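Trainee: Quick one: the structure is below, and I'll ask about it shortly.
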Amino acid sequence: MKAAVVRALGEPLVIEERPDPEPGPGQVRIRVEASGLCHTDIHAAHGDWPVRPSPPFVPGHEGVGLVEELGEGVTHLAVGQRVAVPWLGWACGRCEHCLSGWETLCEQQINTGYDCDGGHAEKMLAWADFAQPVPQGITALDAAPLTCAGVTTYKALKVAGVRPAQLVAISGVGGLGHLALQYARIAGARVAAIDVTDEKLRLAAELGADLVIDARKEDVGEVLKRHGGAHAALALAVNEAAFSALNSGLRRGGKLVMVALPAHGTMPVPIFDTVLNGTSVIGSIVGTRQDLAEVFQLHAAGRTRVIRETRPLASVNESIEDVLGGRVRARIVFDLATEG
Ligand code: NAD
Ligand code: ZN
Ligand code: ZN
């Protein structure tokens, strides 16, 4: 099978021929049909974060495909069934976090495409309990971006406790942001979408943003304040300055939800404003299996649109450059079904 492999951090990926992986107890082998390119894969390949992955590894945590072989003890999935393999590849199921509905905070978790090989390959392994069944009617190509970009932003809005008629600011209308915008609208919020490329700003308007802010030309905090300030602001842009700008655009009691993970990112938090205005800064990491099931339900019901371009896996390095250069409509999905 072919796999896109990070052999050294900061180096281009290499397309390698590898033997098919054998599922261990509790695992399944999946024939990958589609695999979305999340910006996190780029951080992984570059070693951008304090906890670095160890090469060689195959990135990708939006892998979707058909179960091909069941490992020992797997009874609830069937060969031929379509499943999605998210970032949360495995969690212990026994700790305080797992038991309280916060498996995404499990200290023993294994992350797909970071701690173990991920979806940018023709075949992959997954722990059966964390491979999410994809409902009938959702294509693999659509399911892929929902598996990280979808679930992450759906969860971030839950974390912010967004309610109807609130003003929600979405900073960065990329893979994550284009879905965040739609979930905010489903929650009944008014949406302010912020980006720095004409195409993304047009996409935001097309997806129904009530207010579109061009961060190249406008002071994001000022514009948000003119509209009363954001009740919730999702920081999805891979840019530190964008975090501070959003924070300054909160209304009293507003919540900044940090989701993007710029390399070595820090944000000064003005203590006086935070205290007097009663604002919060919250981190949000992906979502649970239940959150992903809800994301799939919404999509199956026709409530969301996945904006994507499909490309061959062999384009992985050029695709990374295009994401970094802002030349991608929303999400690149590697189409492995057609290639095979
Ligand atoms: P992306 O590259 O598809 O989208 C980023 C968007 O931000 C682009 O549209 C870009 O034009 C825009 N942007 C750049 N500079 C900006 C600025 N100054 N102001 C406003 N917009 C700006 O990336 P993505 O795949 O959506 O991922 C975004 C970030 O989220 C990455 O850092 C990724 O690692 C992180 N992420 C976090 C989680 C989590 O669970 N917390 C999950 C997935 C991804
Ligand atoms: Zn991701
Ligand atoms: Zn746990």
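Residues in the structure tokens are numbered from 1 in each chain, the chains being A, B, ... in the order shown, and ligands are numbered from 1 in the order shown.
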Using only C-alpha atoms and all ligand atoms, determine which residues fall within 9 Å of ligand 3, then list them as a PyMOL selection string.
Mentor: chain A and resi 90-99+102-109
Trainee: Once you count only C-alpha atoms and all ligand atoms, which residues end up within 9 Å of ligand 2, and could you hand them over as a PyMOL selection string?
Mentor: chain A and resi 36-41+60-62+86-87+145+147-149+152+175-176+286
Trainee: Kindly export the residues of the current selection with N, CA, C and O atoms, as a CSV table (one decimal), in the first residue's frame.
Mentor:
chain,number,residue,atom,x,y,z
A,36,GLY,N,-8.8,13.9,4.6
A,36,GLY,CA,-8.7,15.4,4.6
A,36,GLY,C,-7.4,15.9,5.1
A,36,GLY,O,-6.8,15.3,6.0
A,37,LEU,N,-6.9,17.0,4.5
A,37,LEU,CA,-5.7,17.6,4.9
A,37,LEU,C,-6.0,18.7,5.9
A,37,LEU,O,-6.4,19.8,5.5
A,38,CYS,N,-5.8,18.4,7.2
A,38,CYS,CA,-6.0,19.5,8.2
A,38,CYS,C,-4.7,20.2,8.4
A,38,CYS,O,-3.6,19.7,8.3
A,39,HIS,N,-4.9,21.5,8.8
A,39,HIS,CA,-3.7,22.3,9.1
A,39,HIS,C,-2.8,21.7,10.2
A,39,HIS,O,-1.6,21.8,10.2
A,40,THR,N,-3.4,20.9,11.1
A,40,THR,CA,-2.7,20.2,12.1
A,40,THR,C,-1.7,19.2,11.5
A,40,THR,O,-0.6,19.0,12.1
A,41,ASP,N,-2.0,18.6,10.4
A,41,ASP,CA,-1.0,17.7,9.7
A,41,ASP,C,0.3,18.5,9.3
A,41,ASP,O,1.4,17.9,9.3
A,60,GLY,N,-2.5,12.6,9.2
A,60,GLY,CA,-3.9,12.4,8.7
A,60,GLY,C,-4.9,11.9,9.8
A,60,GLY,O,-4.7,10.8,10.2
A,61,HIS,N,-5.8,12.8,10.1
A,61,HIS,CA,-6.8,12.3,11.1
A,61,HIS,C,-8.2,12.7,10.7
A,61,HIS,O,-9.1,13.0,11.4
A,62,GLU,N,-8.4,12.7,9.3
A,62,GLU,CA,-9.7,12.8,8.7
A,62,GLU,C,-9.8,11.7,7.7
A,62,GLU,O,-10.3,11.9,6.6
A,86,PRO,N,-10.9,9.7,13.6
A,86,PRO,CA,-10.6,11.1,14.0
A,86,PRO,C,-9.3,11.1,14.8
A,86,PRO,O,-8.6,10.1,15.1
A,87,TRP,N,-8.9,12.4,15.2
A,87,TRP,CA,-7.7,12.6,16.0
A,87,TRP,C,-7.7,11.8,17.3
A,87,TRP,O,-6.6,11.3,17.6
A,145,PRO,N,-13.7,15.9,5.9
A,145,PRO,CA,-13.6,17.2,6.7
A,145,PRO,C,-14.4,17.3,7.9
A,145,PRO,O,-14.0,17.9,8.9
A,147,THR,N,-14.8,15.0,10.1
A,147,THR,CA,-14.1,14.2,11.1
A,147,THR,C,-13.2,14.9,12.0
A,147,THR,O,-12.9,14.5,13.1
A,148,CYS,N,-12.6,16.0,11.5
A,148,CYS,CA,-11.9,16.9,12.4
A,148,CYS,C,-12.4,18.3,12.3
A,148,CYS,O,-12.8,18.9,13.3
A,149,ALA,N,-12.4,19.0,11.1
A,149,ALA,CA,-12.8,20.4,11.0
A,149,ALA,C,-14.3,20.5,11.6
A,149,ALA,O,-14.6,21.4,12.3
A,152,THR,N,-14.5,19.5,15.6
A,152,THR,CA,-13.8,20.5,16.4
A,152,THR,C,-14.6,21.8,16.6
A,152,THR,O,-14.7,22.4,17.7
A,175,GLY,N,-10.6,25.4,6.5
A,175,GLY,CA,-11.2,24.1,6.7
A,175,GLY,C,-12.1,24.1,7.9
A,175,GLY,O,-13.3,23.7,7.9
A,176,LEU,N,-11.6,24.6,9.1
A,176,LEU,CA,-12.5,24.6,10.3
A,176,LEU,C,-13.5,25.7,10.2
A,176,LEU,O,-14.7,25.4,10.5
A,286,VAL,N,-10.6,19.3,19.8
A,286,VAL,CA,-11.5,18.4,19.0
A,286,VAL,C,-12.9,18.2,19.6
A,286,VAL,O,-13.5,19.1,20.1
Trainee: What residues have any atom no more than 6 Å from ligand 1 when counting only C-alpha atoms and all ligand atoms, and can you list them as an NGL selection string?
Mentor: :A and (38-40 or 148-149 or 152 or 171-177 or 194-197 or 200 or 215 or 236-239 or 242 or 259-262 or 284-286 or 323 or 326 or 330)
Trainee: Grab the residues selected above and save them as a CSV table (one decimal), in the first residue's frame with C-alpha atoms.
Mentor:
chain,number,residue,atom,x,y,z
A,38,CYS,CA,-6.0,19.5,8.2
A,39,HIS,CA,-3.7,22.3,9.1
A,40,THR,CA,-2.7,20.2,12.1
A,148,CYS,CA,-11.9,16.9,12.4
A,149,ALA,CA,-12.8,20.4,11.0
A,152,THR,CA,-13.8,20.5,16.4
A,171,SER,CA,-11.7,34.1,12.8
A,172,GLY,CA,-10.4,32.1,9.8
A,173,VAL,CA,-12.8,30.7,7.2
A,174,GLY,CA,-10.6,27.8,6.2
A,175,GLY,CA,-11.2,24.1,6.7
A,176,LEU,CA,-12.5,24.6,10.3
A,177,GLY,CA,-14.0,28.0,9.8
A,194,ILE,CA,-13.1,37.2,9.5
A,195,ASP,CA,-10.3,36.3,7.0
A,196,VAL,CA,-7.5,37.8,5.0
A,197,THR,CA,-8.1,36.5,1.4
A,200,LYS,CA,-12.4,33.2,1.9
A,215,ALA,CA,-8.6,41.7,8.7
A,236,LEU,CA,-9.3,29.4,14.1
A,237,ALA,CA,-6.7,31.5,12.2
A,238,VAL,CA,-3.1,30.3,12.5
A,239,ASN,CA,-1.9,33.7,13.5
A,242,ALA,CA,-5.7,37.4,15.2
A,259,VAL,CA,-8.8,26.4,18.7
A,260,ALA,CA,-6.0,27.2,16.3
A,261,LEU,CA,-2.4,26.2,17.3
A,262,PRO,CA,0.1,28.6,15.8
A,284,SER,CA,-11.1,23.6,23.1
A,285,ILE,CA,-9.6,20.4,21.7
A,286,VAL,CA,-11.5,18.4,19.0
A,323,VAL,CA,-2.9,25.5,2.3
A,326,GLY,CA,-4.1,30.5,1.3
A,330,ALA,CA,-11.7,25.4,2.3
Trainee: In region 53-177 of chain A, what's helix (DSSP H, G or I) per DSSP? Answer as a PDB file with N, CA and C atoms, in the first residue's frame?
Mentor:
ATOM      1  N   GLU A  96     -10.880   9.944  35.077  1.00  0.00           N
ATOM      2  CA  GLU A  96     -11.860  10.971  35.439  1.00  0.00           C
ATOM      3  C   GLU A  96     -12.429  11.665  34.194  1.00  0.00           C
ATOM      4  N   HIS A  97     -11.542  11.954  33.224  1.00  0.00           N
ATOM      5  CA  HIS A  97     -11.982  12.684  32.031  1.00  0.00           C
ATOM      6  C   HIS A  97     -12.856  11.804  31.150  1.00  0.00           C
ATOM      7  N   CYS A  98     -12.378  10.582  30.918  1.00  0.00           N
ATOM      8  CA  CYS A  98     -13.162   9.655  30.092  1.00  0.00           C
ATOM      9  C   CYS A  98     -14.537   9.410  30.716  1.00  0.00           C
ATOM     10  N   LEU A  99     -14.565   9.255  32.038  1.00  0.00           N
ATOM     11  CA  LEU A  99     -15.817   8.896  32.706  1.00  0.00           C
ATOM     12  C   LEU A  99     -16.776  10.071  32.829  1.00  0.00           C
ATOM     13  N   GLU A 103     -13.532  12.578  27.193  1.00  0.00           N
ATOM     14  CA  GLU A 103     -12.491  11.669  26.701  1.00  0.00           C
ATOM     15  C   GLU A 103     -11.411  12.415  25.912  1.00  0.00           C
ATOM     16  N   THR A 104     -11.757  13.585  25.359  1.00  0.00           N
ATOM     17  CA  THR A 104     -10.781  14.378  24.604  1.00  0.00           C
ATOM     18  C   THR A 104      -9.669  14.913  25.509  1.00  0.00           C
ATOM     19  N   LEU A 105      -9.854  14.832  26.829  1.00  0.00           N
ATOM     20  CA  LEU A 105      -8.823  15.299  27.766  1.00  0.00           C
ATOM     21  C   LEU A 105      -8.067  14.134  28.402  1.00  0.00           C
ATOM     22  N   ALA A 128     -11.230  -0.041  17.038  1.00  0.00           N
ATOM     23  CA  ALA A 128     -12.628  -0.163  16.609  1.00  0.00           C
ATOM     24  C   ALA A 128     -13.564   0.708  17.438  1.00  0.00           C
ATOM     25  N   ASP A 129     -13.291   0.835  18.739  1.00  0.00           N
ATOM     26  CA  ASP A 129     -14.195   1.618  19.597  1.00  0.00           C
ATOM     27  C   ASP A 129     -14.158   3.115  19.276  1.00  0.00           C
ATOM     28  N   PHE A 130     -13.123   3.549  18.555  1.00  0.00           N
ATOM     29  CA  PHE A 130     -13.002   4.983  18.249  1.00  0.00           C
ATOM     30  C   PHE A 130     -13.165   5.265  16.754  1.00  0.00           C
ATOM     31  N   ALA A 140     -17.740   9.505   1.419  1.00  0.00           N
ATOM     32  CA  ALA A 140     -16.451   9.512   2.120  1.00  0.00           C
ATOM     33  C   ALA A 140     -15.786  10.885   1.977  1.00  0.00           C
ATOM     34  N   LEU A 141     -15.927  11.493   0.812  1.00  0.00           N
ATOM     35  CA  LEU A 141     -15.271  12.790   0.572  1.00  0.00           C
ATOM     36  C   LEU A 141     -15.843  13.887   1.461  1.00  0.00           C
ATOM     37  N   ASP A 142     -17.137  13.828   1.754  1.00  0.00           N
ATOM     38  CA  ASP A 142     -17.751  14.796   2.669  1.00  0.00           C
ATOM     39  C   ASP A 142     -17.449  14.445   4.125  1.00  0.00           C
ATOM     40  N   ALA A 143     -17.461  13.140   4.417  1.00  0.00           N
ATOM     41  CA  ALA A 143     -17.251  12.718   5.810  1.00  0.00           C
ATOM     42  C   ALA A 143     -15.869  13.135   6.301  1.00  0.00           C
ATOM     43  N   ALA A 144     -14.876  13.158   5.394  1.00  0.00           N
ATOM     44  CA  ALA A 144     -13.497  13.417   5.820  1.00  0.00           C
ATOM     45  C   ALA A 144     -13.366  14.762   6.568  1.00  0.00           C
ATOM     46  N   PRO A 145     -13.718  15.888   5.944  1.00  0.00           N
ATOM     47  CA  PRO A 145     -13.555  17.162   6.677  1.00  0.00           C
ATOM     48  C   PRO A 145     -14.409  17.259   7.943  1.00  0.00           C
ATOM     49  N   LEU A 146     -15.528  16.543   7.967  1.00  0.00           N
ATOM     50  CA  LEU A 146     -16.369  16.583   9.168  1.00  0.00           C
ATOM     51  C   LEU A 146     -15.671  15.925  10.352  1.00  0.00           C
ATOM     52  N   THR A 147     -14.764  14.999  10.052  1.00  0.00           N
ATOM     53  CA  THR A 147     -14.133  14.160  11.075  1.00  0.00           C
ATOM     54  C   THR A 147     -13.160  14.923  11.971  1.00  0.00           C
ATOM     55  N   CYS A 148     -12.598  16.038  11.459  1.00  0.00           N
ATOM     56  CA  CYS A 148     -11.854  16.925  12.379  1.00  0.00           C
ATOM     57  C   CYS A 148     -12.405  18.341  12.323  1.00  0.00           C
ATOM     58  N   ALA A 149     -12.401  18.953  11.124  1.00  0.00           N
ATOM     59  CA  ALA A 149     -12.844  20.360  11.020  1.00  0.00           C
ATOM     60  C   ALA A 149     -14.264  20.499  11.558  1.00  0.00           C
ATOM     61  N   GLY A 150     -15.122  19.545  11.224  1.00  0.00           N
ATOM     62  CA  GLY A 150     -16.514  19.601  11.663  1.00  0.00           C
ATOM     63  C   GLY A 150     -16.640  19.433  13.164  1.00  0.00           C
ATOM     64  N   VAL A 151     -16.157  18.309  13.665  1.00  0.00           N
ATOM     65  CA  VAL A 151     -16.373  18.004  15.084  1.00  0.00           C
ATOM     66  C   VAL A 151     -15.697  19.038  15.992  1.00  0.00           C
ATOM     67  N   THR A 152     -14.545  19.542  15.569  1.00  0.00           N
ATOM     68  CA  THR A 152     -13.805  20.500  16.403  1.00  0.00           C
ATOM     69  C   THR A 152     -14.576  21.802  16.583  1.00  0.00           C
ATOM     70  N   THR A 153     -15.144  22.289  15.498  1.00  0.00           N
ATOM     71  CA  THR A 153     -15.825  23.586  15.591  1.00  0.00           C
ATOM     72  C   THR A 153     -17.217  23.428  16.195  1.00  0.00           C
ATOM     73  N   TYR A 154     -17.841  22.297  15.938  1.00  0.00           N
ATOM     74  CA  TYR A 154     -19.143  22.003  16.562  1.00  0.00           C
ATOM     75  C   TYR A 154     -18.968  22.004  18.079  1.00  0.00           C
ATOM     76  N   LYS A 155     -17.886  21.358  18.536  1.00  0.00           N
ATOM     77  CA  LYS A 155     -17.601  21.287  19.972  1.00  0.00           C
ATOM     78  C   LYS A 155     -17.243  22.663  20.526  1.00  0.00           C
ATOM     79  N   ALA A 156     -16.457  23.430  19.780  1.00  0.00           N
ATOM     80  CA  ALA A 156     -16.038  24.750  20.275  1.00  0.00           C
ATOM     81  C   ALA A 156     -17.258  25.640  20.527  1.00  0.00           C
ATOM     82  N   LEU A 157     -18.268  25.513  19.684  1.00  0.00           N
ATOM     83  CA  LEU A 157     -19.495  26.304  19.882  1.00  0.00           C
ATOM     84  C   LEU A 157     -20.265  25.810  21.106  1.00  0.00           C
ATOM     85  N   LYS A 158     -20.232  24.508  21.332  1.00  0.00           N
ATOM     86  CA  LYS A 158     -20.866  23.963  22.549  1.00  0.00           C
ATOM     87  C   LYS A 158     -20.151  24.498  23.784  1.00  0.00           C
ATOM     88  N   VAL A 159     -18.809  24.477  23.716  1.00  0.00           N
ATOM     89  CA  VAL A 159     -17.997  24.954  24.842  1.00  0.00           C
ATOM     90  C   VAL A 159     -18.308  26.425  25.140  1.00  0.00           C
ATOM     91  N   ALA A 160     -18.569  27.184  24.082  1.00  0.00           N
ATOM     92  CA  ALA A 160     -18.888  28.612  24.259  1.00  0.00           C
ATOM     93  C   ALA A 160     -20.325  28.805  24.719  1.00  0.00           C
ATOM     94  N   GLY A 175     -10.587  25.389   6.536  1.00  0.00           N
ATOM     95  CA  GLY A 175     -11.193  24.081   6.737  1.00  0.00           C
ATOM     96  C   GLY A 175     -12.124  24.094   7.937  1.00  0.00           C
ATOM     97  N   LEU A 176     -11.638  24.579   9.073  1.00  0.00           N
ATOM     98  CA  LEU A 176     -12.467  24.617  10.288  1.00  0.00           C
ATOM     99  C   LEU A 176     -13.547  25.692  10.178  1.00  0.00           C
ATOM    100  N   GLY A 177     -13.121  26.891   9.764  1.00  0.00           N
ATOM    101  CA  GLY A 177     -14.009  28.044   9.834  1.00  0.00           C
ATOM    102  C   GLY A 177     -15.255  27.923   8.978  1.00  0.00           C
TER     103      GLY A 177
END
Trainee: List every residue of region 239-287 of chain A that DSSP, applied to the backbone of this structure, assigns to strand (DSSP E or B), and report them as JSON, numbers by chain.
Mentor: {"A": [250, 251, 252, 253, 254, 255, 256, 257, 258, 280, 281, 282, 283]}
Trainee: Restricted to C-alpha atoms, what would the selected residues look like written as a PDB file, in the first residue's frame?
Mentor:
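Saved result, result34.pdb, follows:
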ATOM      1  CA  LEU A 250     -15.617  40.498  22.888  1.00  0.00           C
ATOM      2  CA  ARG A 251     -18.630  42.027  24.561  1.00  0.00           C
ATOM      3  CA  ARG A 252     -18.826  42.040  28.358  1.00  0.00           C
ATOM      4  CA  GLY A 253     -19.175  38.437  29.508  1.00  0.00           C
ATOM      5  CA  GLY A 254     -17.970  37.220  26.096  1.00  0.00           C
ATOM      6  CA  LYS A 255     -15.888  34.102  25.573  1.00  0.00           C
ATOM      7  CA  LEU A 256     -12.797  33.648  23.430  1.00  0.00           C
ATOM      8  CA  VAL A 257     -12.406  30.025  22.407  1.00  0.00           C
ATOM      9  CA  MET A 258      -8.863  29.166  21.339  1.00  0.00           C
ATOM     10  CA  SER A 280     -13.195  34.257  29.460  1.00  0.00           C
ATOM     11  CA  VAL A 281     -10.417  32.639  27.475  1.00  0.00           C
ATOM     12  CA  ILE A 282     -11.057  28.936  26.933  1.00  0.00           C
ATOM     13  CA  GLY A 283      -9.149  26.230  25.073  1.00  0.00           C
TER      14      GLY A 283
END
Trainee: Hey, which of A:His120, A:Arg216, A:His76, A:His231 ends up closest to Ala169 (chain A)? Count only C-alpha atoms.
Mentor: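 Ranked by minimum distance to Ala169 (chain A), first place goes to A:His231.
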Trainee: Can you tell me how far CA of Leu70 (chain A) sits from CA of Val83 (chain A), in Å to one decimal?
Mentor: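 For CA of Leu70 (chain A) relative to CA of Val83 (chain A), the distance reads 12.8 Å.
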Trainee: Wanna dump the region 245-322 of chain A-region 7-30 of chain A contacts at 8 Å for me, each residue with its shortest atom pair and the distance in Å to one decimal, counting only C-alpha atoms, ordered by chain and number, as a tab-separated table?
Mentor:
residue	atom	partner	partner_atom	distance
A:Ala314	CA	A:Ile15	CA	6.8
A:Val316	CA	A:Leu13	CA	7.3
A:Asn317	CA	A:Pro12	CA	6.1
Trainee: Measure the distance from CA of Val269 (chain A) to CA of Gly249 (chain A) in Å and round it to one decimal.
Mentor: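 About the pair CA of Val269 (chain A) and CA of Gly249 (chain A): they are 13.0 Å apart.
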Trainee: Please list as an NGL selection string every residue within 10 Å of Gly101 (chain A), counting only C-alpha atoms and excluding residues in the same chain fewer than 6 positions away.
Mentor: :A and (93 or 288-290)
Trainee: For N, CA and C atoms, I'd like the residues from the last selection saved as a PDB file, in the first residue's frame.
Mentor:
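Result file part-v8.pdb:
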ATOM      1  N   GLY A  93     -10.840   5.269  28.721  1.00  0.00           N
ATOM      2  CA  GLY A  93     -12.186   4.844  29.114  1.00  0.00           C
ATOM      3  C   GLY A  93     -12.363   4.667  30.617  1.00  0.00           C
ATOM      4  N   THR A 288     -15.833  14.804  21.155  1.00  0.00           N
ATOM      5  CA  THR A 288     -15.951  13.388  21.533  1.00  0.00           C
ATOM      6  C   THR A 288     -16.574  12.579  20.386  1.00  0.00           C
ATOM      7  N   ARG A 289     -16.667  11.271  20.601  1.00  0.00           N
ATOM      8  CA  ARG A 289     -17.338  10.412  19.623  1.00  0.00           C
ATOM      9  C   ARG A 289     -18.800  10.818  19.476  1.00  0.00           C
ATOM     10  N   GLN A 290     -19.425  11.195  20.588  1.00  0.00           N
ATOM     11  CA  GLN A 290     -20.819  11.629  20.522  1.00  0.00           C
ATOM     12  C   GLN A 290     -20.951  12.931  19.713  1.00  0.00           C
TER      13      GLN A 290
END
Trainee: Can you tell me, as a PyMOL selection string, what residues are no more than 6 Å from region 53-59 of chain A when counting only C-alpha atoms, ignoring any on the same chain fewer than 3 positions away?
Mentor: chain A and resi 4-8+41+113-114+117-118
Trainee: Restricted to C-alpha atoms, what would the selected residues look like written as a CSV table (one decimal), in the first residue's frame?
Mentor:
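Writing the result to result17.csv gives the following:
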chain,number,residue,atom,x,y,z
A,4,ALA,CA,2.6,9.7,2.6
A,5,VAL,CA,5.3,9.5,5.3
A,6,VAL,CA,7.0,12.2,7.3
A,7,ARG,CA,10.5,10.9,7.5
A,8,ALA,CA,12.0,13.9,9.1
A,41,ASP,CA,-1.0,17.7,9.7
A,113,GLY,CA,-1.5,10.7,12.5
A,114,TYR,CA,0.6,11.9,15.4
A,117,ASP,CA,0.0,6.3,11.6
A,118,GLY,CA,-2.9,8.2,10.2
Trainee: My list of candidates is A:Met124, A:Ile332, A:Ala233, A:Val134. Which is closest to Glu318 (chain A) when distances are computed with only C-alpha atoms?
Mentor: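 Once distances to Glu318 (chain A) are computed over only C-alpha atoms, the minimum belongs to A:Ile332.
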Trainee: Of the residues A:Thr304, A:Gly287, A:Leu298, A:Lys225, which is the one nearest to Gly208 (chain A), using only C-alpha atoms?
Mentor: A:Thr304
Trainee: Just checking: using only C-alpha atoms, which residue out of A:Val32, A:Ala121, A:Ile42, A:Leu207 ends up closest to Gln81 (chain A)?
Mentor: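 Going through A:Val32, A:Ala121, A:Ile42, A:Leu207 one by one, the smallest distance to Gln81 (chain A) is for A:Val32.
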Trainee: Between CA of His299 (chain A) and CA of Ser35 (chain A), what is the distance, to one decimal in Å?
Mentor: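 Taking CA of His299 (chain A) as the start and CA of Ser35 (chain A) as the end point, the length is 17.5 Å.
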Trainee: Taking only C-alpha atoms into account, name the residue in A:Val212, A:Ile170, A:Leu292, A:Val79 that is nearest to Leu246 (chain A).
Mentor: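 Comparing A:Val212, A:Ile170, A:Leu292, A:Val79 against Leu246 (chain A), the winner is A:Ile170.
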Trainee: Quick one: of A:Gln166, A:Ala293, A:Ala245, A:Ser100, who's nearest to Ala84 (chain A), counting only C-alpha atoms?
Mentor: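 Distance minimum relative to Ala84 (chain A) lands on A:Ala293.
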